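Below: final.txt (compact mmCIF, C-alpha atoms and all ligand atoms)
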# COMPACT_ATOMS: atom_id res chain seq x y z
CA MET S 1 0.00 0.00 0.00
CA ALA S 2 1.29 3.46 -0.88
CA SER S 3 1.93 5.93 1.93
CA ASP S 4 0.99 9.62 2.14
CA LEU S 5 4.41 10.54 3.49
CA LEU S 6 7.63 8.58 3.69
CA ILE S 7 10.79 9.60 5.57
CA TYR S 8 13.87 7.77 4.32
CA ASN S 9 17.62 7.89 4.84
CA ILE S 10 17.16 8.19 8.63
CA GLY S 11 20.57 7.83 10.33
CA THR S 12 19.22 6.91 13.77
CA LEU S 13 15.57 6.07 14.32
CA VAL S 14 14.63 5.88 17.99
CA THR S 15 11.28 4.10 17.82
CA SER S 16 10.93 3.92 21.63
CA LYS S 17 9.20 0.57 21.20
CA GLU S 18 9.90 -1.39 24.36
CA ILE S 19 11.90 -4.55 23.68
CA ASP S 20 13.30 -7.40 25.74
CA ILE S 21 16.93 -6.90 26.58
CA SER S 22 19.15 -8.98 28.79
CA ASN S 23 20.48 -5.74 30.29
CA LYS S 24 18.75 -5.25 33.62
CA ASN S 25 18.35 -1.53 33.08
CA SER S 26 14.70 -1.32 32.11
CA MET S 27 15.09 2.37 31.25
CA GLU S 28 17.23 1.40 28.24
CA ASN S 29 14.96 -1.25 26.76
CA ILE S 30 13.88 0.65 23.68
CA GLU S 31 14.44 -0.09 20.02
CA ILE S 32 16.89 2.05 18.05
CA LEU S 33 17.32 1.39 14.33
CA THR S 34 20.07 2.69 12.09
CA ASP S 35 19.64 3.43 8.39
CA ALA S 36 15.86 3.35 8.54
CA TYR S 37 12.64 4.67 7.02
CA VAL S 38 9.09 5.37 8.24
CA ALA S 39 5.96 5.30 6.07
CA ILE S 40 2.83 7.20 7.13
CA LYS S 41 -0.76 6.83 5.95
CA ASN S 42 -3.93 8.57 7.18
CA GLY S 43 -2.09 10.14 10.10
CA THR S 44 -0.75 6.87 11.48
CA ILE S 45 2.38 4.77 11.08
CA LEU S 46 1.89 2.41 8.13
CA PHE S 47 5.27 0.70 8.14
CA LEU S 48 8.89 1.13 9.16
CA GLY S 49 12.08 -0.69 8.48
CA LYS S 50 15.80 -0.68 7.86
CA GLY S 51 17.67 0.03 4.64
CA PRO S 52 16.02 1.10 1.37
CA TYR S 53 12.23 1.31 1.48
CA ASP S 54 9.96 -1.04 -0.40
CA LYS S 55 8.83 0.67 -3.64
CA THR S 56 5.20 -0.44 -3.11
CA LEU S 57 5.07 2.09 -0.24
CA VAL S 58 5.31 4.94 -2.72
CA ASP S 59 3.12 6.23 -5.53
CA SER S 60 2.92 9.53 -7.41
CA LYS S 61 1.13 11.23 -4.50
CA THR S 62 3.54 10.20 -1.73
CA VAL S 63 5.52 13.05 -0.18
CA LEU S 64 9.12 11.87 0.19
CA ILE S 65 11.39 13.35 2.86
CA ASP S 66 15.13 12.68 2.76
CA ALA S 67 16.24 12.78 6.41
CA ASP S 68 19.87 13.09 5.33
CA LYS S 69 21.09 10.63 8.03
CA ALA S 70 19.45 12.66 10.80
CA LEU S 71 18.15 11.52 14.18
CA VAL S 72 14.39 10.85 14.22
CA THR S 73 12.37 10.21 17.39
CA PRO S 74 8.70 9.95 18.35
CA GLY S 75 7.03 13.32 19.01
CA LEU S 76 8.11 14.38 22.49
CA ILE S 77 5.65 14.23 25.37
CA ASP S 78 5.58 16.84 28.12
CA SER S 79 3.53 14.96 30.68
CA HIS S 80 3.44 17.60 33.45
CA THR S 81 2.62 21.26 32.79
CA HIS S 82 0.67 24.09 34.37
CA LEU S 83 0.09 25.53 30.90
CA VAL S 84 -3.01 27.66 31.47
CA HIS S 85 -2.43 30.63 33.76
CA GLY S 86 -2.62 34.39 33.91
CA GLY S 87 0.33 36.71 34.56
CA SER S 88 3.95 35.94 35.37
CA ARG S 89 6.14 35.99 38.50
CA GLU S 90 9.51 37.46 37.56
CA ASN S 91 9.51 39.47 40.81
CA GLU S 92 9.88 36.20 42.78
CA MET S 93 13.12 35.36 41.04
CA PHE S 94 14.78 38.37 42.61
CA LEU S 95 13.17 37.78 46.04
CA LYS S 96 14.66 34.30 45.91
CA ALA S 97 18.05 35.75 44.99
CA LYS S 98 17.83 37.69 48.28
CA GLY S 99 17.14 34.51 50.25
CA ALA S 100 13.34 34.06 50.22
CA THR S 101 12.20 30.48 49.61
CA TYR S 102 9.37 29.22 47.40
CA MET S 103 7.32 28.49 50.55
CA ASP S 104 8.10 31.92 52.16
CA ILE S 105 6.69 33.63 49.08
CA LEU S 106 3.58 31.42 49.04
CA ASN S 107 2.96 31.93 52.77
CA ALA S 108 3.08 35.70 52.24
CA GLY S 109 0.23 35.43 49.69
CA GLY S 110 2.48 35.37 46.62
CA GLY S 111 3.58 32.36 44.56
CA ILE S 112 0.68 30.15 43.45
CA LEU S 113 -1.76 32.58 45.11
CA SER S 114 -0.57 35.49 42.97
CA THR S 115 -1.09 33.38 39.83
CA VAL S 116 -4.56 32.49 41.16
CA LYS S 117 -5.40 36.22 41.31
CA ALA S 118 -4.12 36.81 37.77
CA THR S 119 -5.92 33.73 36.41
CA LYS S 120 -9.23 34.75 38.01
CA LYS S 121 -8.90 38.19 36.45
CA ALA S 122 -8.10 36.95 32.95
CA THR S 123 -10.88 36.22 30.47
CA LYS S 124 -11.09 32.80 28.85
CA GLU S 125 -10.01 34.38 25.56
CA GLU S 126 -6.93 35.93 27.19
CA LEU S 127 -5.98 32.59 28.72
CA VAL S 128 -6.43 30.87 25.34
CA GLU S 129 -4.14 33.39 23.61
CA LYS S 130 -1.42 33.19 26.28
CA ALA S 131 -1.44 29.39 26.42
CA LYS S 132 -1.55 29.16 22.62
CA ASP S 133 1.65 31.16 22.46
CA SER S 134 3.30 28.68 24.86
CA LEU S 135 2.04 25.72 22.81
CA LYS S 136 3.59 27.25 19.69
CA LYS S 137 6.93 27.36 21.50
CA MET S 138 6.53 23.78 22.74
CA LEU S 139 5.84 22.57 19.21
CA THR S 140 9.10 24.10 17.97
CA PHE S 141 10.92 21.98 20.58
CA GLY S 142 9.36 18.82 19.14
CA VAL S 143 6.53 18.39 21.65
CA THR S 144 3.38 16.81 20.17
CA THR S 145 1.41 15.80 23.31
CA ILE S 146 1.18 17.47 26.71
CA GLU S 147 -0.65 17.24 30.00
CA SER S 148 -2.16 20.47 31.33
CA LYS S 149 -3.44 21.07 34.87
CA SER S 150 -5.92 23.45 36.38
CA GLY S 151 -5.17 24.70 39.89
CA TYR S 152 -4.97 28.46 39.51
CA GLY S 153 -8.65 28.98 40.34
CA LEU S 154 -9.18 27.16 43.62
CA ASP S 155 -12.85 27.95 43.00
CA LEU S 156 -15.20 26.05 40.72
CA GLU S 157 -15.72 28.83 38.18
CA THR S 158 -12.03 29.50 37.51
CA GLU S 159 -11.02 25.83 37.59
CA ILE S 160 -13.69 25.17 34.94
CA LYS S 161 -12.45 28.18 32.94
CA GLN S 162 -8.90 26.74 32.89
CA LEU S 163 -10.09 23.26 31.90
CA GLU S 164 -12.30 24.68 29.15
CA VAL S 165 -9.24 26.49 27.80
CA ASN S 166 -7.54 23.07 27.54
CA LYS S 167 -10.51 21.76 25.55
CA ILE S 168 -10.52 24.75 23.18
CA LEU S 169 -6.77 24.52 22.60
CA ASP S 170 -6.84 20.78 22.06
CA LYS S 171 -9.05 21.48 19.03
CA GLU S 172 -7.38 24.67 17.80
CA GLN S 173 -3.73 23.70 17.45
CA PRO S 174 -1.68 20.57 16.67
CA ILE S 175 -0.50 19.48 20.15
CA ASP S 176 -2.79 16.96 21.92
CA ILE S 177 -3.74 18.07 25.43
CA VAL S 178 -4.60 15.73 28.30
CA SER S 179 -6.46 17.53 31.10
CA THR S 180 -5.92 17.26 34.84
CA PHE S 181 -8.04 18.80 37.60
CA MET S 182 -5.81 20.19 40.35
CA GLY S 183 -8.17 22.26 42.48
CA ALA S 184 -6.07 21.12 45.45
CA HIS S 185 -3.02 23.16 44.43
CA ALA S 186 -2.92 25.57 47.42
CA ILE S 187 -5.06 26.61 50.37
CA PRO S 188 -6.65 30.02 49.66
CA GLN S 189 -5.80 32.57 52.37
CA GLU S 190 -9.45 32.87 53.47
CA TYR S 191 -9.45 29.13 54.35
CA ARG S 192 -6.35 29.22 56.54
CA GLY S 193 -7.14 27.77 59.95
CA HIS S 194 -10.19 25.93 58.61
CA GLU S 195 -8.61 23.94 55.79
CA GLU S 196 -11.14 21.11 56.18
CA GLU S 197 -13.80 23.37 54.66
CA PHE S 198 -11.64 23.84 51.59
CA ILE S 199 -11.14 20.07 51.28
CA LYS S 200 -14.94 19.67 51.35
CA LYS S 201 -15.24 22.33 48.67
CA ILE S 202 -12.78 20.49 46.40
CA ILE S 203 -14.59 17.20 46.96
CA LYS S 204 -17.84 18.87 45.88
CA MET S 205 -16.16 20.08 42.67
CA LEU S 206 -15.08 16.58 41.61
CA PRO S 207 -18.42 15.20 40.34
CA ILE S 208 -19.11 18.44 38.45
CA ILE S 209 -15.74 18.28 36.66
CA LYS S 210 -16.35 14.61 35.90
CA GLU S 211 -19.89 15.13 34.66
CA ARG S 212 -18.74 17.83 32.25
CA ASN S 213 -15.92 15.59 31.06
CA LEU S 214 -13.36 18.32 31.72
CA ALA S 215 -10.51 16.24 33.13
CA GLU S 216 -9.20 12.71 33.00
CA PHE S 217 -6.81 12.99 35.94
CA CYS S 218 -6.98 14.46 39.43
CA ASP S 219 -3.76 15.80 40.96
CA ILE S 220 -2.87 17.35 44.34
CA PHE S 221 0.06 19.28 45.86
CA CYS S 222 0.89 16.92 48.74
CA GLU S 223 3.49 18.83 50.72
CA HIS S 224 4.24 19.94 54.27
CA GLY S 225 2.26 23.18 54.74
CA ILE S 226 0.01 22.58 51.70
CA PHE S 227 -2.02 19.33 51.69
CA SER S 228 -1.09 16.66 54.24
CA ILE S 229 -0.98 12.93 53.52
CA GLU S 230 -4.41 12.49 55.15
CA GLN S 231 -5.97 15.36 53.20
CA SER S 232 -4.40 14.14 49.95
CA LYS S 233 -5.70 10.64 50.57
CA GLU S 234 -9.20 11.94 51.25
CA ILE S 235 -9.36 13.91 47.99
CA LEU S 236 -7.63 11.35 45.78
CA LYS S 237 -9.75 8.45 47.09
CA GLU S 238 -12.90 10.39 46.32
CA ALA S 239 -11.57 11.20 42.84
CA LYS S 240 -10.71 7.54 42.23
CA LYS S 241 -14.25 6.51 43.21
CA LEU S 242 -15.61 8.89 40.56
CA GLY S 243 -13.37 7.38 37.89
CA PHE S 244 -10.55 9.92 37.73
CA LYS S 245 -7.07 8.57 37.19
CA LEU S 246 -4.63 9.94 39.73
CA LYS S 247 -1.43 11.97 39.95
CA ILE S 248 0.30 13.40 42.99
CA HIS S 249 2.89 16.17 43.48
CA ALA S 250 4.92 14.27 46.07
CA ASP S 251 8.07 14.90 48.11
CA GLU S 252 8.93 18.06 46.16
CA ILE S 253 10.22 20.05 49.12
CA GLU S 254 10.00 17.72 52.11
CA SER S 255 9.72 13.96 52.41
CA ILE S 256 6.31 13.41 54.01
CA GLY S 257 5.39 10.08 52.44
CA GLY S 258 3.86 11.27 49.17
CA ALA S 259 5.53 8.55 47.10
CA GLU S 260 4.33 5.91 49.56
CA LEU S 261 0.79 7.26 49.14
CA ALA S 262 1.21 7.10 45.34
CA GLY S 263 2.07 3.39 45.67
CA GLU S 264 -0.85 2.76 48.01
CA LEU S 265 -3.41 4.49 45.77
CA GLU S 266 -1.81 3.17 42.56
CA THR S 267 -1.64 6.60 40.98
CA THR S 268 -0.65 6.68 37.32
CA SER S 269 2.30 8.91 38.12
CA SER S 270 3.99 10.61 41.02
CA GLU S 271 5.54 14.01 40.38
CA HIS S 272 8.80 15.72 41.46
CA LEU S 273 10.18 13.32 44.14
CA MET S 274 13.24 15.47 44.88
CA ALA S 275 13.03 14.53 48.58
CA ILE S 276 11.79 10.94 48.13
CA SER S 277 12.69 8.51 50.96
CA GLU S 278 14.07 4.98 50.61
CA LYS S 279 10.60 3.70 51.53
CA GLY S 280 9.12 5.93 48.84
CA ILE S 281 11.44 4.43 46.21
CA LEU S 282 10.37 0.95 47.32
CA ALA S 283 6.71 1.94 47.04
CA LEU S 284 7.23 3.04 43.44
CA LYS S 285 9.30 -0.03 42.65
CA ASN S 286 6.54 -2.32 43.92
CA SER S 287 3.85 -0.55 41.89
CA LYS S 288 3.43 0.57 38.31
CA VAL S 289 3.60 4.26 39.26
CA ILE S 290 5.71 6.31 36.84
CA ALA S 291 8.14 8.66 38.57
CA ASN S 292 7.62 11.92 36.71
CA ILE S 293 10.81 13.89 37.32
CA LEU S 294 10.97 17.65 36.75
CA PRO S 295 14.63 18.69 36.91
CA GLY S 296 13.93 22.15 35.50
CA THR S 297 12.31 22.92 38.85
CA SER S 298 15.36 21.77 40.83
CA PHE S 299 17.50 23.90 38.53
CA TYR S 300 15.29 26.97 38.78
CA LEU S 301 14.67 26.75 42.54
CA LYS S 302 18.33 25.86 43.11
CA LYS S 303 17.22 22.75 45.00
CA GLU S 304 18.43 19.18 45.12
CA TYR S 305 17.73 16.87 42.19
CA ALA S 306 15.61 13.74 42.51
CA PRO S 307 17.74 10.59 43.14
CA VAL S 308 17.03 9.21 39.70
CA ARG S 309 20.00 6.81 39.45
CA LYS S 310 18.89 5.15 42.68
CA MET S 311 15.35 4.85 41.35
CA ILE S 312 16.51 3.38 38.04
CA GLU S 313 18.74 0.87 39.87
CA GLN S 314 15.62 -0.29 41.73
CA GLY S 315 13.65 -0.65 38.49
CA VAL S 316 11.45 2.46 38.77
CA GLN S 317 10.24 3.84 35.41
CA ILE S 318 11.08 7.52 34.88
CA ALA S 319 9.34 10.21 32.82
CA LEU S 320 10.79 13.70 32.38
CA SER S 321 8.70 16.85 31.97
CA THR S 322 9.08 20.62 32.06
CA ASP S 323 6.59 21.38 34.88
CA TYR S 324 6.10 24.55 32.81
CA ASN S 325 4.57 27.06 35.25
CA PRO S 326 5.08 30.74 36.13
CA GLY S 327 6.75 30.09 39.51
CA SER S 328 9.11 27.14 39.69
CA CYS S 329 9.87 26.47 36.01
CA PRO S 330 8.95 29.28 33.61
CA SER S 331 10.20 27.51 30.48
CA GLU S 332 8.46 25.55 27.72
CA ASN S 333 11.75 24.07 26.52
CA LEU S 334 11.60 20.28 26.99
CA GLN S 335 14.95 19.87 25.20
CA LEU S 336 16.59 21.97 27.94
CA ILE S 337 15.00 19.69 30.56
CA MET S 338 16.46 16.67 28.71
CA GLN S 339 19.88 18.34 28.76
CA ILE S 340 19.60 19.11 32.50
CA ALA S 341 18.59 15.47 33.08
CA ALA S 342 21.63 14.20 31.20
CA LEU S 343 23.92 16.58 33.09
CA TYR S 344 22.57 16.62 36.62
CA LEU S 345 20.59 13.39 36.91
CA ASN S 346 23.34 11.46 35.10
CA MET S 347 20.80 9.81 32.84
CA SER S 348 22.05 8.11 29.69
CA PRO S 349 20.86 9.39 26.29
CA ILE S 350 18.62 6.34 25.87
CA GLU S 351 17.10 6.82 29.33
CA VAL S 352 16.43 10.49 28.59
CA ILE S 353 14.65 9.81 25.30
CA LYS S 354 12.63 6.96 26.82
CA ALA S 355 11.53 9.34 29.59
CA VAL S 356 10.09 11.90 27.15
CA THR S 357 8.52 9.42 24.74
CA ILE S 358 6.99 6.09 25.78
CA ASN S 359 7.25 6.78 29.53
CA GLY S 360 5.78 10.27 29.06
CA ALA S 361 2.88 8.54 27.29
CA LYS S 362 2.49 6.03 30.14
CA SER S 363 2.36 8.79 32.67
CA ILE S 364 -0.72 10.22 30.93
CA ASN S 365 -2.23 6.87 29.98
CA ARG S 366 -1.67 7.37 26.24
CA GLU S 367 0.86 4.59 25.57
CA SER S 368 -1.46 2.79 23.17
CA GLU S 369 -1.68 5.87 20.91
CA VAL S 370 1.56 7.84 21.15
CA GLY S 371 5.07 7.73 22.62
CA SER S 372 6.58 5.28 20.15
CA ILE S 373 6.88 4.80 16.41
CA GLU S 374 4.97 1.57 15.88
CA ILE S 375 2.56 0.45 13.18
CA GLY S 376 -0.93 1.81 13.86
CA LYS S 377 0.13 4.50 16.33
CA LYS S 378 -0.26 8.21 15.63
CA ALA S 379 2.38 9.46 13.21
CA ASP S 380 3.99 11.96 15.61
CA LEU S 381 7.69 12.38 14.84
CA VAL S 382 10.57 14.78 15.22
CA ILE S 383 13.43 15.09 12.73
CA PHE S 384 16.43 16.69 14.43
CA ASN S 385 19.20 18.87 13.10
CA SER S 386 21.61 16.30 14.48
CA LYS S 387 22.79 12.83 13.61
CA SER S 388 22.94 11.56 17.19
CA LEU S 389 21.03 11.50 20.44
CA GLU S 390 24.20 12.34 22.36
CA TYR S 391 24.70 15.57 20.43
CA ILE S 392 21.27 17.07 21.21
CA LEU S 393 21.94 16.56 24.92
CA TYR S 394 25.49 17.90 24.78
CA HIS S 395 24.91 21.11 22.80
CA PHE S 396 22.65 22.70 25.38
CA GLY S 397 20.31 25.67 25.52
CA ILE S 398 19.49 25.68 21.81
CA ASN S 399 16.71 24.16 19.76
CA HIS S 400 17.74 21.09 17.72
CA THR S 401 14.42 20.57 15.94
CA LYS S 402 14.40 20.47 12.15
CA MET S 403 10.85 19.24 11.49
CA VAL S 404 7.84 18.18 13.54
CA ILE S 405 5.18 15.84 12.17
CA LYS S 406 1.86 15.51 14.04
CA ASN S 407 -0.80 13.02 12.95
CA GLY S 408 1.14 12.58 9.71
CA LYS S 409 1.23 16.30 8.84
CA ILE S 410 4.25 18.59 8.82
CA VAL S 411 3.36 21.18 11.50
CA TYR S 412 6.76 22.82 12.01
CA GLU S 413 9.80 23.12 9.79
CA ILE S 414 12.92 25.22 9.90
O1 LIG G 1 2.77 28.06 40.32
O2 LIG G 1 4.34 27.54 41.73
N1 LIG G 1 5.02 23.39 42.53
N2 LIG G 1 3.01 23.97 41.95
C1 LIG G 1 3.68 23.05 42.77
C2 LIG G 1 3.80 24.75 41.31
C3 LIG G 1 5.10 24.39 41.67
C4 LIG G 1 3.39 25.80 40.38
C5 LIG G 1 3.52 27.21 40.86
ZN ZN G 2 3.51 20.76 38.95

Could you take the file, read its structure, and then write that structure out as structure tokens?
Ligand code: IZC
Ligand code: ZN
Amino acid sequence: MASDLLIYNIGTLVTSKEIDISNKNSMENIEILTDAYVAIKNGTILFLGKGPYDKTLVDSKTVLIDADKALVTPGLIDSHTHLVHGGSRENEMFLKAKGATYMDILNAGGGILSTVKATKKATKEELVEKAKDSLKKMLTFGVTTIESKSGYGLDLETEIKQLEVNKILDKEQPIDIVSTFMGAHAIPQEYRGHEEEFIKKIIKMLPIIKERNLAEFCDIFCEHGIFSIEQSKEILKEAKKLGFKLKIHADEIESIGGAELAGELETTSSEHLMAISEKGILALKNSKVIANILPGTSFYLKKEYAPVRKMIEQGVQIALSTDYNPGSCPSENLQLIMQIAALYLNMSPIEVIKAVTINGAKSINRESEVGSIEIGKKADLVIFNSKSLEYILYHFGINHTKMVIKNGKIVYEI
């Protein structure tokens, strides 16, 4: 059968298809082909192989792309973002330089709470325009699927506004958006001292969000001084009952048992984990929870990095994401995050690419559709301006993308 589009002369094709390897490192068990081609039909992968392509895959209508020995990977997946928000927080950067911490700023009514104010004030149209601009940047870095959380409303109306922006953007531009409800992102100042009332309020929001089909996942900021283990458990259990899949911001600043709770509740992913305990690592190891690591946040907050090597040694599966948000990681650049991961988490090139492809997909429950180049999956691919995976991690701070293909269409080219 003839294809609509065929990429040939690929130097290195990382398919990210998981394969059996004798090597015990299950973060390196992905297929990498040299001298390869990929054929695309009706937006999905029709065929792929090594060497010269079969002539029956081409007819007079097929668009042929000579990759010129370049590196080709699946479209990258940014599986943790706070995409939709009003305003920005550059003032905090300079408060931090004078010694204030992320939590000091939040406790003084800034941080997340200042973004909540700006997001409440913004119209839906303004939020769409701002987030669309970020999505355009993400696409240039090779990102074809993202997760996007609410959590800058903390009231029903604004949370719904954020989630509706996700829905609008999912239709209006090429990147696929998976929605997460994160009403439990901070305690509003007016609820301080009677936090239980706020928990009740969040629990009442859950069925409404579910009924309107606005989010697939429910997430919470489980952290000392934000939501305790007990409060997180209460909200997440209720969400699970209603059919939400779960995520948890765990052990970002202090180790309070968030990863252990992730294991207990069988969340799809557990986020951050910079301060994860040995018991927390064991909990992830003994479950299928993906450890979604956000090293851009460690970098930007000048904090410790998650103990990723230890986790990998224990068999934990790692995803890497930007955590794009206006406070702790104001950058849409997933390639920079991959470079930080290679440098500071000591991840190998194969581990890094697995973490932003098939494992990114697993952490948003999309592994049957995206995250690897396999027959029948969405034709989401990136052609890089590089012949090797090592090079795009080494030459840091720049964009290595040459072309992005989403659902079989060229959506970005330089
Ligand atoms: O706006 O500060 N960590 N939530 C939890 C964030 C960072 C986003 C923010
Ligand atoms: Zn986050």

Between region 17-121 of chain S and region 358-377 of chain S, at 10 Å or less, what are the per-residue closest atom pairs and their distances in Å? Count only C-alpha atoms, order by chain and rising residue number, and return it as a tab-separated table.
residue	atom	partner	partner_atom	distance
S:Lys17	CA	S:Ser372	CA	5.5
S:Glu18	CA	S:Ile358	CA	8.2
S:Met27	CA	S:Asn359	CA	9.2
S:Ile30	CA	S:Ile358	CA	9.0
S:Glu31	CA	S:Ser372	CA	9.5
S:Val38	CA	S:Ile373	CA	8.5
S:Ala39	CA	S:Ile375	CA	9.3
S:Ile40	CA	S:Ile375	CA	9.1
S:Lys41	CA	S:Gly376	CA	9.4
S:Asn42	CA	S:Gly376	CA	10.0
S:Gly43	CA	S:Lys377	CA	8.7
S:Thr44	CA	S:Lys377	CA	5.5
S:Ile45	CA	S:Ile375	CA	4.8
S:Leu46	CA	S:Ile375	CA	5.5
S:Phe47	CA	S:Ile375	CA	5.7
S:Leu48	CA	S:Ile375	CA	7.5
S:Val72	CA	S:Ile373	CA	9.9
S:Thr73	CA	S:Ile373	CA	7.8
S:Pro74	CA	S:Ser372	CA	5.4
S:Gly75	CA	S:Gly371	CA	6.9
S:Leu76	CA	S:Gly371	CA	7.3
S:Ile77	CA	S:Gly360	CA	5.4
S:Asp78	CA	S:Gly360	CA	6.6
S:Ser79	CA	S:Gly360	CA	5.4
S:His80	CA	S:Ile364	CA	8.8

Tell me, counting all atoms listed in the file, for each residue of chain S within 7 Å of ligand LIG 1 (chain G), which pair of atoms is nearest and how far apart they are in Å to one decimal, in rows ordered by chain and increasing number, as a Markdown table.
| residue | atom | partner | partner_atom | distance |
| --- | --- | --- | --- | --- |
| S:His82 | CA | G:LIG1 | C4 | 6.8 |
| S:Gly111 | CA | G:LIG1 | O2 | 5.6 |
| S:Ile112 | CA | G:LIG1 | O1 | 4.3 |
| S:Thr115 | CA | G:LIG1 | O1 | 6.6 |
| S:His185 | CA | G:LIG1 | N2 | 6.6 |
| S:Phe221 | CA | G:LIG1 | C1 | 6.1 |
| S:His249 | CA | G:LIG1 | C1 | 7.0 |
| S:Asn325 | CA | G:LIG1 | C4 | 5.4 |
| S:Pro326 | CA | G:LIG1 | O1 | 5.5 |
| S:Gly327 | CA | G:LIG1 | O2 | 4.2 |
| S:Ser328 | CA | G:LIG1 | O2 | 5.2 |

Please save C-alpha atoms of the selected residues as a PDB file, in the coordinates of the input.
ATOM      1  CA  HIS S  82       0.670  24.090  34.370  1.00  0.00           C
ATOM      2  CA  GLY S 111       3.580  32.360  44.560  1.00  0.00           C
ATOM      3  CA  ILE S 112       0.680  30.150  43.450  1.00  0.00           C
ATOM      4  CA  THR S 115      -1.090  33.380  39.830  1.00  0.00           C
ATOM      5  CA  HIS S 185      -3.020  23.160  44.430  1.00  0.00           C
ATOM      6  CA  PHE S 221       0.060  19.280  45.860  1.00  0.00           C
ATOM      7  CA  HIS S 249       2.890  16.170  43.480  1.00  0.00           C
ATOM      8  CA  ASN S 325       4.570  27.060  35.250  1.00  0.00           C
ATOM      9  CA  PRO S 326       5.080  30.740  36.130  1.00  0.00           C
ATOM     10  CA  GLY S 327       6.750  30.090  39.510  1.00  0.00           C
ATOM     11  CA  SER S 328       9.110  27.140  39.690  1.00  0.00           C
TER      12      SER S 328
END

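The interatomic distance for the pair CA of Arg309 (chain S) and CA of Gly280 (chain S) works out to 14.4 Å.
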
Please tabulate, as a Markdown table, the residues of chain S that come within 12 Å of ligand ZN 2 (chain G), each with its closest pair of atoms and the distance in Å to one decimal, counting all atoms listed in the file and ordering rows by chain, then residue number upward.
| residue | atom | partner | partner_atom | distance |
| --- | --- | --- | --- | --- |
| S:Asp78 | CA | G:ZN2 | ZN | 11.7 |
| S:Ser79 | CA | G:ZN2 | ZN | 10.1 |
| S:His80 | CA | G:ZN2 | ZN | 6.3 |
| S:Thr81 | CA | G:ZN2 | ZN | 6.2 |
| S:His82 | CA | G:ZN2 | ZN | 6.3 |
| S:Leu83 | CA | G:ZN2 | ZN | 10.0 |
| S:Ile112 | CA | G:ZN2 | ZN | 10.8 |
| S:Glu147 | CA | G:ZN2 | ZN | 10.5 |
| S:Ser148 | CA | G:ZN2 | ZN | 9.5 |
| S:Lys149 | CA | G:ZN2 | ZN | 8.1 |
| S:Ser150 | CA | G:ZN2 | ZN | 10.1 |
| S:Gly151 | CA | G:ZN2 | ZN | 9.6 |
| S:Tyr152 | CA | G:ZN2 | ZN | 11.5 |
| S:Thr180 | CA | G:ZN2 | ZN | 10.9 |
| S:Phe181 | CA | G:ZN2 | ZN | 11.8 |
| S:Met182 | CA | G:ZN2 | ZN | 9.4 |
| S:Ala184 | CA | G:ZN2 | ZN | 11.6 |
| S:His185 | CA | G:ZN2 | ZN | 8.9 |
| S:Ala186 | CA | G:ZN2 | ZN | 11.7 |
| S:Asp219 | CA | G:ZN2 | ZN | 9.0 |
| S:Ile220 | CA | G:ZN2 | ZN | 9.0 |
| S:Phe221 | CA | G:ZN2 | ZN | 7.9 |
| S:Cys222 | CA | G:ZN2 | ZN | 10.8 |
| S:Glu223 | CA | G:ZN2 | ZN | 11.9 |
| S:Lys247 | CA | G:ZN2 | ZN | 10.1 |
| S:Ile248 | CA | G:ZN2 | ZN | 9.0 |
| S:His249 | CA | G:ZN2 | ZN | 6.5 |
| S:Ala250 | CA | G:ZN2 | ZN | 9.7 |
| S:Asp251 | CA | G:ZN2 | ZN | 11.8 |
| S:Glu252 | CA | G:ZN2 | ZN | 9.4 |
| S:Ser269 | CA | G:ZN2 | ZN | 11.9 |
| S:Ser270 | CA | G:ZN2 | ZN | 10.4 |
| S:Glu271 | CA | G:ZN2 | ZN | 7.2 |
| S:His272 | CA | G:ZN2 | ZN | 7.7 |
| S:Leu273 | CA | G:ZN2 | ZN | 11.3 |
| S:Asn292 | CA | G:ZN2 | ZN | 10.0 |
| S:Ile293 | CA | G:ZN2 | ZN | 10.2 |
| S:Leu294 | CA | G:ZN2 | ZN | 8.4 |
| S:Pro295 | CA | G:ZN2 | ZN | 11.5 |
| S:Gly296 | CA | G:ZN2 | ZN | 11.1 |
| S:Thr297 | CA | G:ZN2 | ZN | 9.1 |
| S:Ser321 | CA | G:ZN2 | ZN | 9.5 |
| S:Thr322 | CA | G:ZN2 | ZN | 8.9 |
| S:Asp323 | CA | G:ZN2 | ZN | 5.1 |
| S:Tyr324 | CA | G:ZN2 | ZN | 7.7 |
| S:Asn325 | CA | G:ZN2 | ZN | 7.4 |
| S:Pro326 | CA | G:ZN2 | ZN | 10.5 |
| S:Gly327 | CA | G:ZN2 | ZN | 9.9 |
| S:Ser328 | CA | G:ZN2 | ZN | 8.5 |
| S:Cys329 | CA | G:ZN2 | ZN | 9.0 |
| S:Pro330 | CA | G:ZN2 | ZN | 11.4 |

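Rounded to one decimal, CA of Ile253 (chain S) and CA of Gly225 (chain S) lie 10.2 Å from each other.
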
Kindly give the distance, in Å, that separates CA of Arg89 (chain S) and CA of Ala118 (chain S), rounded to a single decimal. 10.3 Å

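Between Ile146 (chain S) and the residues S:Ile312, S:Leu6, S:Val356, S:Met347, the shortest atom-to-atom distance, using all atoms listed in the file, involves S:Val356.
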
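Using only C-alpha atoms, the contacts of Glu125 (chain S) at a cut-off of 12 Å, with sequence neighbours closer than 3 positions omitted, comprise Val84, His85, Gly86, Thr119, Lys121, Ala122, Val128, Glu129, Lys130, Ala131, Lys132, Lys161, Gln162, Glu164, Val165, Asn166, Ile168 and Leu169 of chain S.
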
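Among the candidates S:Val404, S:Leu57, S:Ile226, S:Ala97, the residue lying nearest to Val382 (chain S) is S:Val404 (atoms considered: only C-alpha atoms).
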